[in-house]
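Below is the file upload-v6.cif, which contains mmCIF, C-alpha atoms (C1' of nucleotides).
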```cif
data_run
#
loop_
_atom_site.label_atom_id
_atom_site.label_comp_id
_atom_site.auth_asym_id
_atom_site.auth_seq_id
_atom_site.Cartn_x
_atom_site.Cartn_y
_atom_site.Cartn_z
CA MET P 34 -6.61 -31.20 3.59
CA GLY P 35 -5.92 -27.67 4.67
CA VAL P 36 -3.76 -28.16 7.69
CA MET P 37 -4.73 -25.28 9.92
CA SER P 38 -3.90 -27.26 13.04
CA ASP P 39 -0.52 -25.48 13.02
CA GLU P 40 0.08 -22.92 15.67
CA LEU P 41 -0.13 -19.34 14.55
CA THR P 42 3.20 -17.92 13.45
CA HIS P 43 4.58 -14.78 15.05
CA PRO P 44 7.87 -13.03 14.42
CA ASP P 45 10.00 -12.95 17.52
CA ARG P 46 11.08 -9.67 18.97
CA ALA P 47 14.30 -9.27 17.06
CA GLU P 48 12.58 -9.96 13.77
CA ILE P 49 10.06 -7.16 14.03
CA ARG P 50 10.76 -4.56 11.35
CA ILE P 51 9.75 -0.95 11.69
CA GLU P 52 8.55 -0.78 8.11
CA ALA P 53 6.19 -3.69 8.62
CA VAL P 54 4.82 -2.12 11.80
CA LEU P 55 4.31 1.25 10.13
CA HIS P 56 2.68 -0.37 7.14
CA ALA P 57 0.40 -2.43 9.34
CA LEU P 58 -0.73 0.59 11.34
CA ALA P 59 -1.10 2.87 8.34
CA ASP P 60 -4.31 1.13 7.37
CA PRO P 61 -7.42 2.74 8.87
CA VAL P 62 -9.14 -0.55 9.64
CA ARG P 63 -6.10 -2.02 11.37
CA LEU P 64 -5.34 1.18 13.26
CA HIS P 65 -8.89 1.27 14.50
CA TYR P 66 -8.61 -2.32 15.56
CA VAL P 67 -5.44 -1.76 17.55
CA ARG P 68 -6.87 1.37 19.16
CA GLU P 69 -9.93 -0.55 20.27
CA MET P 70 -7.73 -3.28 21.69
CA ASP P 71 -5.78 -0.63 23.54
CA ARG P 72 -8.94 0.99 24.87
CA ILE P 73 -10.56 -2.23 26.03
CA GLY P 74 -7.40 -3.41 27.66
CA THR P 75 -6.60 -7.06 27.95
CA GLY P 76 -6.91 -9.82 25.40
CA VAL P 77 -9.84 -9.35 23.09
CA ALA P 78 -11.72 -11.89 21.07
CA CYS P 79 -11.15 -11.03 17.44
CA GLY P 80 -14.85 -10.84 16.71
CA ALA P 81 -15.68 -8.66 19.67
CA ILE P 82 -14.65 -5.46 17.94
CA GLU P 83 -17.03 -4.11 15.37
CA LEU P 84 -15.58 -3.26 12.04
CA PRO P 85 -17.12 -2.19 8.74
CA VAL P 86 -15.77 -5.27 6.98
CA THR P 87 -16.70 -8.89 6.58
CA LYS P 88 -15.27 -11.77 8.56
CA SER P 89 -12.78 -12.83 5.93
CA THR P 90 -11.48 -9.31 5.57
CA ARG P 91 -11.05 -9.13 9.31
CA THR P 92 -9.07 -12.34 9.23
CA HIS P 93 -6.82 -10.80 6.60
CA HIS P 94 -6.14 -7.67 8.64
CA LEU P 95 -5.49 -9.64 11.79
CA ARG P 96 -2.96 -11.76 9.98
CA THR P 97 -1.24 -8.64 8.73
CA LEU P 98 -1.02 -7.27 12.27
CA ARG P 99 0.18 -10.59 13.62
CA GLU P 100 2.83 -11.11 10.97
CA ALA P 101 4.09 -7.58 11.44
CA GLY P 102 4.58 -8.32 15.14
CA VAL P 103 1.99 -5.83 16.38
CA ILE P 104 -0.34 -8.31 18.06
CA TRP P 105 -0.11 -11.74 19.59
CA VAL P 106 -2.93 -14.15 18.82
CA ARG P 107 -3.63 -17.30 20.78
CA LYS P 108 -6.36 -19.86 20.34
CA GLU P 109 -8.93 -20.33 23.04
CA GLY P 110 -11.63 -22.76 22.10
CA THR P 111 -13.08 -21.55 18.83
CA ALA P 112 -12.07 -17.98 19.54
CA ARG P 113 -8.83 -16.14 18.82
CA ILE P 114 -7.65 -13.85 21.55
CA ALA P 115 -5.47 -10.97 20.43
CA THR P 116 -3.21 -8.81 22.57
CA ILE P 117 -0.96 -5.93 21.63
CA ARG P 118 2.72 -6.87 21.92
CA ARG P 119 3.58 -3.87 24.07
CA ASP P 120 6.72 -5.26 25.62
CA ASP P 121 8.24 -6.27 22.32
CA LEU P 122 7.28 -3.08 20.53
CA ASP P 123 8.50 -0.89 23.38
CA ALA P 124 11.77 -2.79 23.46
CA ARG P 125 12.34 -2.50 19.73
CA PHE P 126 10.93 0.97 19.08
CA PRO P 127 10.62 2.90 22.34
CA GLY P 128 7.83 5.42 22.28
CA LEU P 129 6.41 4.39 18.94
CA LEU P 130 3.30 2.64 20.12
CA ALA P 131 2.45 5.31 22.66
CA ALA P 132 2.86 8.02 20.05
CA ILE P 133 0.57 6.28 17.60
CA LEU P 134 -2.09 5.25 20.09
CA SER P 135 -2.30 8.65 21.72
CA ALA P 136 -2.66 10.42 18.38
CA GLU P 137 -6.29 11.44 18.34
CA ASN P 138 -7.49 12.32 14.88
CA MET D 222 0.16 24.70 -20.43
CA GLY D 223 1.12 22.90 -17.27
CA VAL D 224 1.11 25.62 -14.69
CA MET D 225 3.83 24.54 -12.27
CA SER D 226 4.48 28.14 -11.27
CA ASP D 227 2.24 27.48 -8.27
CA GLU D 228 3.87 27.22 -4.91
CA LEU D 229 4.22 23.74 -3.52
CA THR D 230 1.25 22.72 -1.42
CA HIS D 231 1.74 21.56 2.16
CA PRO D 232 -0.88 20.54 4.70
CA ASP D 233 -0.83 22.79 7.70
CA ARG D 234 -0.18 21.39 11.10
CA ALA D 235 -3.74 20.60 12.05
CA GLU D 236 -4.35 18.80 8.79
CA ILE D 237 -1.56 16.27 9.20
CA ARG D 238 -3.07 12.80 9.62
CA ILE D 239 -1.31 10.02 11.43
CA GLU D 240 -2.29 7.48 8.80
CA ALA D 241 -0.72 9.53 6.04
CA VAL D 242 2.48 9.93 8.05
CA LEU D 243 2.67 6.23 8.82
CA HIS D 244 1.98 5.34 5.24
CA ALA D 245 4.61 7.76 4.00
CA LEU D 246 7.27 6.39 6.32
CA ALA D 247 6.39 2.74 5.79
CA ASP D 248 8.09 2.79 2.40
CA PRO D 249 11.78 1.83 2.53
CA VAL D 250 12.87 4.46 0.02
CA ARG D 251 11.07 7.25 1.80
CA LEU D 252 12.21 6.11 5.23
CA HIS D 253 15.77 6.06 4.01
CA TYR D 254 15.33 9.52 2.60
CA VAL D 255 14.02 10.97 5.84
CA ARG D 256 16.73 9.25 7.84
CA GLU D 257 19.38 10.75 5.61
CA MET D 258 17.80 14.17 6.00
CA ASP D 259 17.85 13.66 9.74
CA ARG D 260 21.49 12.60 9.69
CA ILE D 261 22.72 15.42 7.47
CA GLY D 262 20.81 17.98 9.46
CA THR D 263 19.55 21.14 7.82
CA GLY D 264 17.78 21.62 4.52
CA VAL D 265 18.94 19.22 1.87
CA ALA D 266 18.77 19.53 -1.87
CA CYS D 267 16.48 16.79 -3.07
CA GLY D 268 19.04 15.41 -5.47
CA ALA D 269 21.85 15.37 -2.93
CA ILE D 270 20.76 12.11 -1.39
CA GLU D 271 21.55 9.03 -3.40
CA LEU D 272 18.72 6.66 -3.94
CA PRO D 273 18.35 3.52 -6.01
CA VAL D 274 15.57 5.05 -8.08
CA THR D 275 15.21 7.37 -11.04
CA LYS D 276 14.50 11.08 -10.90
CA SER D 277 10.80 10.74 -11.53
CA THR D 278 10.42 8.12 -8.84
CA ARG D 279 12.24 10.40 -6.42
CA THR D 280 9.87 13.21 -7.29
CA HIS D 281 6.97 10.90 -6.58
CA HIS D 282 8.30 9.94 -3.14
CA LEU D 283 9.10 13.50 -2.19
CA ARG D 284 5.61 14.56 -3.11
CA THR D 285 4.21 11.79 -0.94
CA LEU D 286 6.32 12.93 2.00
CA ARG D 287 5.39 16.55 1.42
CA GLU D 288 1.67 15.91 1.08
CA ALA D 289 1.70 13.76 4.20
CA GLY D 290 3.22 16.66 6.11
CA VAL D 291 6.53 14.96 6.86
CA ILE D 292 8.78 17.39 5.01
CA TRP D 293 8.69 20.99 3.92
CA VAL D 294 9.99 21.76 0.46
CA ARG D 295 10.97 25.21 -0.76
CA LYS D 296 12.31 26.28 -4.12
CA GLU D 297 15.77 27.74 -4.38
CA GLY D 298 16.82 28.39 -7.91
CA THR D 299 16.36 25.17 -9.81
CA ALA D 300 16.80 23.12 -6.66
CA ARG D 301 14.26 21.99 -4.10
CA ILE D 302 15.34 22.16 -0.49
CA ALA D 303 13.62 19.76 1.87
CA THR D 304 13.48 19.86 5.65
CA ILE D 305 11.77 17.58 8.12
CA ARG D 306 8.78 19.26 9.79
CA ARG D 307 9.95 18.42 13.28
CA ASP D 308 7.99 21.10 15.09
CA ASP D 309 4.72 20.20 13.46
CA LEU D 310 5.18 16.46 13.83
CA ASP D 311 6.26 16.75 17.44
CA ALA D 312 3.28 18.94 18.18
CA ARG D 313 0.81 16.61 16.52
CA PHE D 314 2.31 13.24 17.48
CA PRO D 315 4.81 13.65 20.31
CA GLY D 316 7.56 11.08 20.23
CA LEU D 317 6.59 9.56 16.91
CA LEU D 318 9.38 10.97 14.80
CA ALA D 319 12.04 10.24 17.38
CA ALA D 320 10.85 6.67 17.75
CA ILE D 321 10.94 6.06 14.02
CA LEU D 322 14.24 7.79 13.34
CA SER D 323 16.05 6.10 16.19
CA ALA D 324 14.88 2.65 15.13
CA GLU D 325 17.98 1.13 13.67
CA ASN D 326 17.45 -1.99 11.58
"C1'" DA Z 224 -24.77 -37.32 15.86
"C1'" DC Z 225 -26.20 -32.82 14.84
"C1'" DC Z 226 -26.17 -27.84 14.84
"C1'" DG Z 227 -24.44 -23.26 15.63
"C1'" DT Z 228 -20.56 -20.28 16.42
"C1'" DA Z 229 -15.83 -18.65 15.36
"C1'" DC Z 230 -12.70 -18.35 12.36
"C1'" DT Z 231 -9.58 -19.77 8.16
"C1'" DA Z 232 -8.61 -20.76 3.10
"C1'" DC Z 233 -8.99 -19.85 -1.50
"C1'" DG Z 234 -10.05 -17.47 -5.52
"C1'" DA Z 235 -11.64 -13.24 -7.94
"C1'" DA Z 236 -12.40 -8.33 -8.82
"C1'" DA Z 237 -11.21 -3.59 -8.04
"C1'" DC Z 238 -8.06 -0.68 -6.55
"C1'" DT Z 239 -3.64 1.41 -5.01
"C1'" DC Z 240 1.23 1.83 -5.30
"C1'" DG Z 241 6.06 1.92 -6.86
"C1'" DT Z 242 8.61 2.18 -10.82
"C1'" DC Z 243 10.03 3.79 -15.11
"C1'" DG Z 244 10.50 6.36 -19.70
"C1'" DT Z 245 9.53 10.26 -22.19
"C1'" DA Z 246 8.34 14.88 -22.61
"C1'" DC Z 247 8.18 19.11 -20.42
"C1'" DT Z 248 9.19 23.61 -17.56
"C1'" DA Z 249 12.36 26.52 -14.88
"C1'" DC Z 250 16.63 28.53 -13.84
"C1'" DG Z 251 21.57 29.74 -14.40
"C1'" DA Z 252 25.69 30.17 -17.02
"C1'" DT Z 253 28.25 31.02 -21.21
"C1'" DA G 229 20.00 32.60 -27.64
"C1'" DT G 230 21.72 28.19 -26.51
"C1'" DC G 231 22.93 24.65 -23.50
"C1'" DG G 232 23.09 21.98 -19.30
"C1'" DT G 233 21.21 21.02 -14.85
"C1'" DA G 234 17.25 20.27 -11.55
"C1'" DG G 235 13.13 18.92 -11.12
"C1'" DT G 236 7.95 18.03 -12.55
"C1'" DA G 237 3.92 15.92 -15.33
"C1'" DC G 238 1.85 12.28 -17.46
"C1'" DG G 239 0.93 7.80 -19.00
"C1'" DA G 240 1.87 2.97 -18.54
"C1'" DC G 241 3.06 -1.43 -16.56
"C1'" DG G 242 3.52 -4.88 -12.95
"C1'" DA G 243 3.04 -6.07 -8.31
"C1'" DG G 244 0.78 -6.01 -4.22
"C1'" DT G 245 -3.60 -4.92 -1.33
"C1'" DT G 246 -8.24 -4.59 0.07
"C1'" DT G 247 -12.35 -6.48 -0.31
"C1'" DC G 248 -15.70 -9.92 -0.83
"C1'" DG G 249 -18.20 -14.50 -1.46
"C1'" DT G 250 -18.12 -19.21 -0.97
"C1'" DA G 251 -16.48 -23.25 1.02
"C1'" DG G 252 -14.32 -25.45 4.63
"C1'" DT G 253 -12.26 -26.67 9.48
"C1'" DA G 254 -12.49 -26.64 14.60
"C1'" DC G 255 -14.75 -26.52 18.82
"C1'" DG G 256 -18.70 -26.61 22.17
"C1'" DG G 257 -23.27 -27.61 23.30
"C1'" DT G 258 -27.69 -30.25 23.11
#
```
Could you express the structure from this file as structure tokens?
Amino acid sequence: MGVMSDELTHPDRAEIRIEAVLHALADPVRLHYVREMDRIGTGVACGAIELPVTKSTRTHHLRTLREAGVIWVRKEGTARIATIRRDDLDARFPGLLAAILSAEN
Amino acid sequence: MGVMSDELTHPDRAEIRIEAVLHALADPVRLHYVREMDRIGTGVACGAIELPVTKSTRTHHLRTLREAGVIWVRKEGTARIATIRRDDLDARFPGLLAAILSAEN
DNA sequence: ACCGTACTACGAAACTCGTCGTACTACGAT
DNA sequence: ATCGTAGTACGACGAGTTTCGTAGTACGGT
């Protein structure tokens, strides 16, 4: 029971909607998460970034980011490695990601 | 009772927060509104843009946009004229507005 | 086989948000 | 002064979100 062996679902490039991306990044926790991923660089283990929320809340936010098309998550052992979908976001909404990530305070 | 003679409050440039802007523009009604204002050009009477919502809902959305710092609203007779705060947004978050407005579909 | 780590799933509680109707104020014209 | 138009204020409802705790699955080591 509880399948969970399925691969994680991601929208493909053409399916990414600007409203979903804006909504995903409007949340302080998720924005912080994406900024940390941007700062650290390459794929990050989901748990490696400290957040003021519990594990299950983190799972929720990561799903929101993934389903909006902001990040790509792949399994690696027991860990989940997340990367920002720069190519797809830049192709769909040129300049958006850079504008948001470079906005300090 | 009910003052309302007060001028409309706007955040000044330095107070505009990226999260508030993203949240404001993540709503389909508000995004449509701002896109229409962008298309039409100069200051627009609030009621001149057709929306699938009632007057009071429109007021609500316009307040959200105004308080986020996305639009500037001035009174002119009984009408309210709204303009996009391009200068302020471009100064705070270069490229953000252009990226969002040019995102078709 | 067992244990620990990493994360997901599900349900619940508190909160926020979008929407509306109704009642109201403000202004302009007749 | 009266009426119509333009918009706001307030309260309410329903839907969705954020958050958490608890329970469970998956993988890697010993």
Evaluate the PyMOL selection byres ((chain D) within 6 of (chain P)) here and jot the selected residues down as a ChimeraX atom specification. /D:240,243-244,247,314-317,320,324
Expand the PyMOL selection byres ((chain D and resi 287) around 10) into the individual residues it matches in the shown file, reporting them as number ranges by chain. D: 229-232, 242, 245, 281-286, 288-294, 303-306
Could you list, as JSON, numbers by chain, every residue within 7 Å of region 235-252 of chain Z, counting all atoms listed in the file and ignoring same-chain residues fewer than 5 positions away? {"D": [278, 298, 299]}
Which chain G residues are at most 9 Å from chain D (counting only C-alpha atoms (C1' of nucleotides)), as a list in words?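 For chain G, the answer reads DT233, DA234, DG235, DT236 and DA237 of chain G.
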Where does the PyMOL selection byres ((chain Z) within 9 of (chain P)) land in this file, that is, which residues does it pick, as a list in words?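 That selection, the PyMOL selection byres ((chain Z) within 9 of (chain P)), comes back as DT228, DA229, DC230, DT231 and DA232 of chain Z.
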Return as AutoDock Vina command-line options the box centre and box size in Å, one decimal, for an axis-aligned box around all listed atoms of region 229-242 of chain G padded by 6 Å per side.
```
--center_x 12.0 --center_y 13.9 --center_z -19.4 --size_x 34.2 --size_y 49.5 --size_z 28.5
```
Can you measure CA of Asp71 (chain P) to CA of Arg107 (chain P) for me? One decimal in Å is fine.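 Separating CA of Asp71 (chain P) from CA of Arg107 (chain P) is a distance of 17.0 Å.
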Separation of C1' of DT258 (chain G) from C1' of DC225 (chain Z) in Å: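 Separation of C1' of DC225 (chain Z) and C1' of DT258 (chain G): 8.8 Å.
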Quick check, in Å to one decimal: how far apart do C1' of DT247 (chain G) and CA of Arg68 (chain P) lie? 21.7 Å
Start from the incomplete input, build N, CA and C atoms for region 76-99 of chain P, and deliver everything as a PDB file, keeping the file's coordinate frame.
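The new file part27.pdb reads:
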```
ATOM      1  N   GLY P  76      -6.666  -9.044  26.605  1.00  0.00           N
ATOM      2  CA  GLY P  76      -6.910  -9.820  25.400  1.00  0.00           C
ATOM      3  C   GLY P  76      -8.355  -9.750  24.940  1.00  0.00           C
ATOM      4  N   VAL P  77      -8.515  -9.545  23.649  1.00  0.00           N
ATOM      5  CA  VAL P  77      -9.840  -9.350  23.090  1.00  0.00           C
ATOM      6  C   VAL P  77     -10.121 -10.455  22.086  1.00  0.00           C
ATOM      7  N   ALA P  78     -11.321 -10.959  22.120  1.00  0.00           N
ATOM      8  CA  ALA P  78     -11.720 -11.890  21.070  1.00  0.00           C
ATOM      9  C   ALA P  78     -11.780 -11.110  19.767  1.00  0.00           C
ATOM     10  N   CYS P  79     -11.258 -11.714  18.723  1.00  0.00           N
ATOM     11  CA  CYS P  79     -11.150 -11.030  17.440  1.00  0.00           C
ATOM     12  C   CYS P  79     -12.491 -10.497  16.960  1.00  0.00           C
ATOM     13  N   GLY P  80     -13.547 -11.243  17.209  1.00  0.00           N
ATOM     14  CA  GLY P  80     -14.850 -10.840  16.710  1.00  0.00           C
ATOM     15  C   GLY P  80     -15.560  -9.824  17.576  1.00  0.00           C
ATOM     16  N   ALA P  81     -14.977  -9.519  18.715  1.00  0.00           N
ATOM     17  CA  ALA P  81     -15.680  -8.660  19.670  1.00  0.00           C
ATOM     18  C   ALA P  81     -15.599  -7.187  19.311  1.00  0.00           C
ATOM     19  N   ILE P  82     -14.793  -6.859  18.330  1.00  0.00           N
ATOM     20  CA  ILE P  82     -14.650  -5.460  17.940  1.00  0.00           C
ATOM     21  C   ILE P  82     -15.358  -5.257  16.611  1.00  0.00           C
ATOM     22  N   GLU P  83     -16.269  -4.315  16.597  1.00  0.00           N
ATOM     23  CA  GLU P  83     -17.030  -4.110  15.370  1.00  0.00           C
ATOM     24  C   GLU P  83     -16.214  -3.352  14.334  1.00  0.00           C
ATOM     25  N   LEU P  84     -16.303  -3.867  13.146  1.00  0.00           N
ATOM     26  CA  LEU P  84     -15.580  -3.260  12.040  1.00  0.00           C
ATOM     27  C   LEU P  84     -16.482  -3.250  10.820  1.00  0.00           C
ATOM     28  N   PRO P  85     -16.278  -2.291   9.929  1.00  0.00           N
ATOM     29  CA  PRO P  85     -17.120  -2.190   8.740  1.00  0.00           C
ATOM     30  C   PRO P  85     -16.645  -3.118   7.625  1.00  0.00           C
ATOM     31  N   VAL P  86     -16.223  -4.316   7.985  1.00  0.00           N
ATOM     32  CA  VAL P  86     -15.770  -5.270   6.980  1.00  0.00           C
ATOM     33  C   VAL P  86     -16.301  -6.650   7.313  1.00  0.00           C
ATOM     34  N   THR P  87     -16.209  -7.537   6.367  1.00  0.00           N
ATOM     35  CA  THR P  87     -16.700  -8.890   6.580  1.00  0.00           C
ATOM     36  C   THR P  87     -15.698  -9.693   7.412  1.00  0.00           C
ATOM     37  N   LYS P  88     -16.127 -10.907   7.760  1.00  0.00           N
ATOM     38  CA  LYS P  88     -15.270 -11.770   8.560  1.00  0.00           C
ATOM     39  C   LYS P  88     -13.954 -12.085   7.873  1.00  0.00           C
ATOM     40  N   SER P  89     -14.025 -12.422   6.601  1.00  0.00           N
ATOM     41  CA  SER P  89     -12.780 -12.830   5.930  1.00  0.00           C
ATOM     42  C   SER P  89     -11.814 -11.664   5.790  1.00  0.00           C
ATOM     43  N   THR P  90     -12.350 -10.485   5.618  1.00  0.00           N
ATOM     44  CA  THR P  90     -11.480  -9.310   5.570  1.00  0.00           C
ATOM     45  C   THR P  90     -10.830  -9.077   6.923  1.00  0.00           C
ATOM     46  N   ARG P  91     -11.604  -9.276   7.966  1.00  0.00           N
ATOM     47  CA  ARG P  91     -11.050  -9.130   9.310  1.00  0.00           C
ATOM     48  C   ARG P  91      -9.920 -10.121   9.543  1.00  0.00           C
ATOM     49  N   THR P  92     -10.128 -11.335   9.119  1.00  0.00           N
ATOM     50  CA  THR P  92      -9.070 -12.340   9.230  1.00  0.00           C
ATOM     51  C   THR P  92      -7.792 -11.854   8.539  1.00  0.00           C
ATOM     52  N   HIS P  93      -7.968 -11.304   7.362  1.00  0.00           N
ATOM     53  CA  HIS P  93      -6.820 -10.800   6.600  1.00  0.00           C
ATOM     54  C   HIS P  93      -6.063  -9.724   7.373  1.00  0.00           C
ATOM     55  N   HIS P  94      -6.789  -8.774   7.923  1.00  0.00           N
ATOM     56  CA  HIS P  94      -6.140  -7.670   8.640  1.00  0.00           C
ATOM     57  C   HIS P  94      -5.457  -8.173   9.906  1.00  0.00           C
ATOM     58  N   LEU P  95      -6.102  -9.115  10.568  1.00  0.00           N
ATOM     59  CA  LEU P  95      -5.490  -9.640  11.790  1.00  0.00           C
ATOM     60  C   LEU P  95      -4.214 -10.401  11.472  1.00  0.00           C
ATOM     61  N   ARG P  96      -4.205 -11.078  10.360  1.00  0.00           N
ATOM     62  CA  ARG P  96      -2.960 -11.760   9.980  1.00  0.00           C
ATOM     63  C   ARG P  96      -1.864 -10.750   9.691  1.00  0.00           C
ATOM     64  N   THR P  97      -2.232  -9.677   9.017  1.00  0.00           N
ATOM     65  CA  THR P  97      -1.240  -8.640   8.730  1.00  0.00           C
ATOM     66  C   THR P  97      -0.646  -8.090  10.022  1.00  0.00           C
ATOM     67  N   LEU P  98      -1.501  -7.788  10.987  1.00  0.00           N
ATOM     68  CA  LEU P  98      -1.020  -7.270  12.270  1.00  0.00           C
ATOM     69  C   LEU P  98      -0.155  -8.291  12.991  1.00  0.00           C
ATOM     70  N   ARG P  99      -0.579  -9.531  12.943  1.00  0.00           N
ATOM     71  CA  ARG P  99       0.180 -10.590  13.620  1.00  0.00           C
ATOM     72  C   ARG P  99       1.534 -10.796  12.972  1.00  0.00           C
TER      73      ARG P  99
END
```
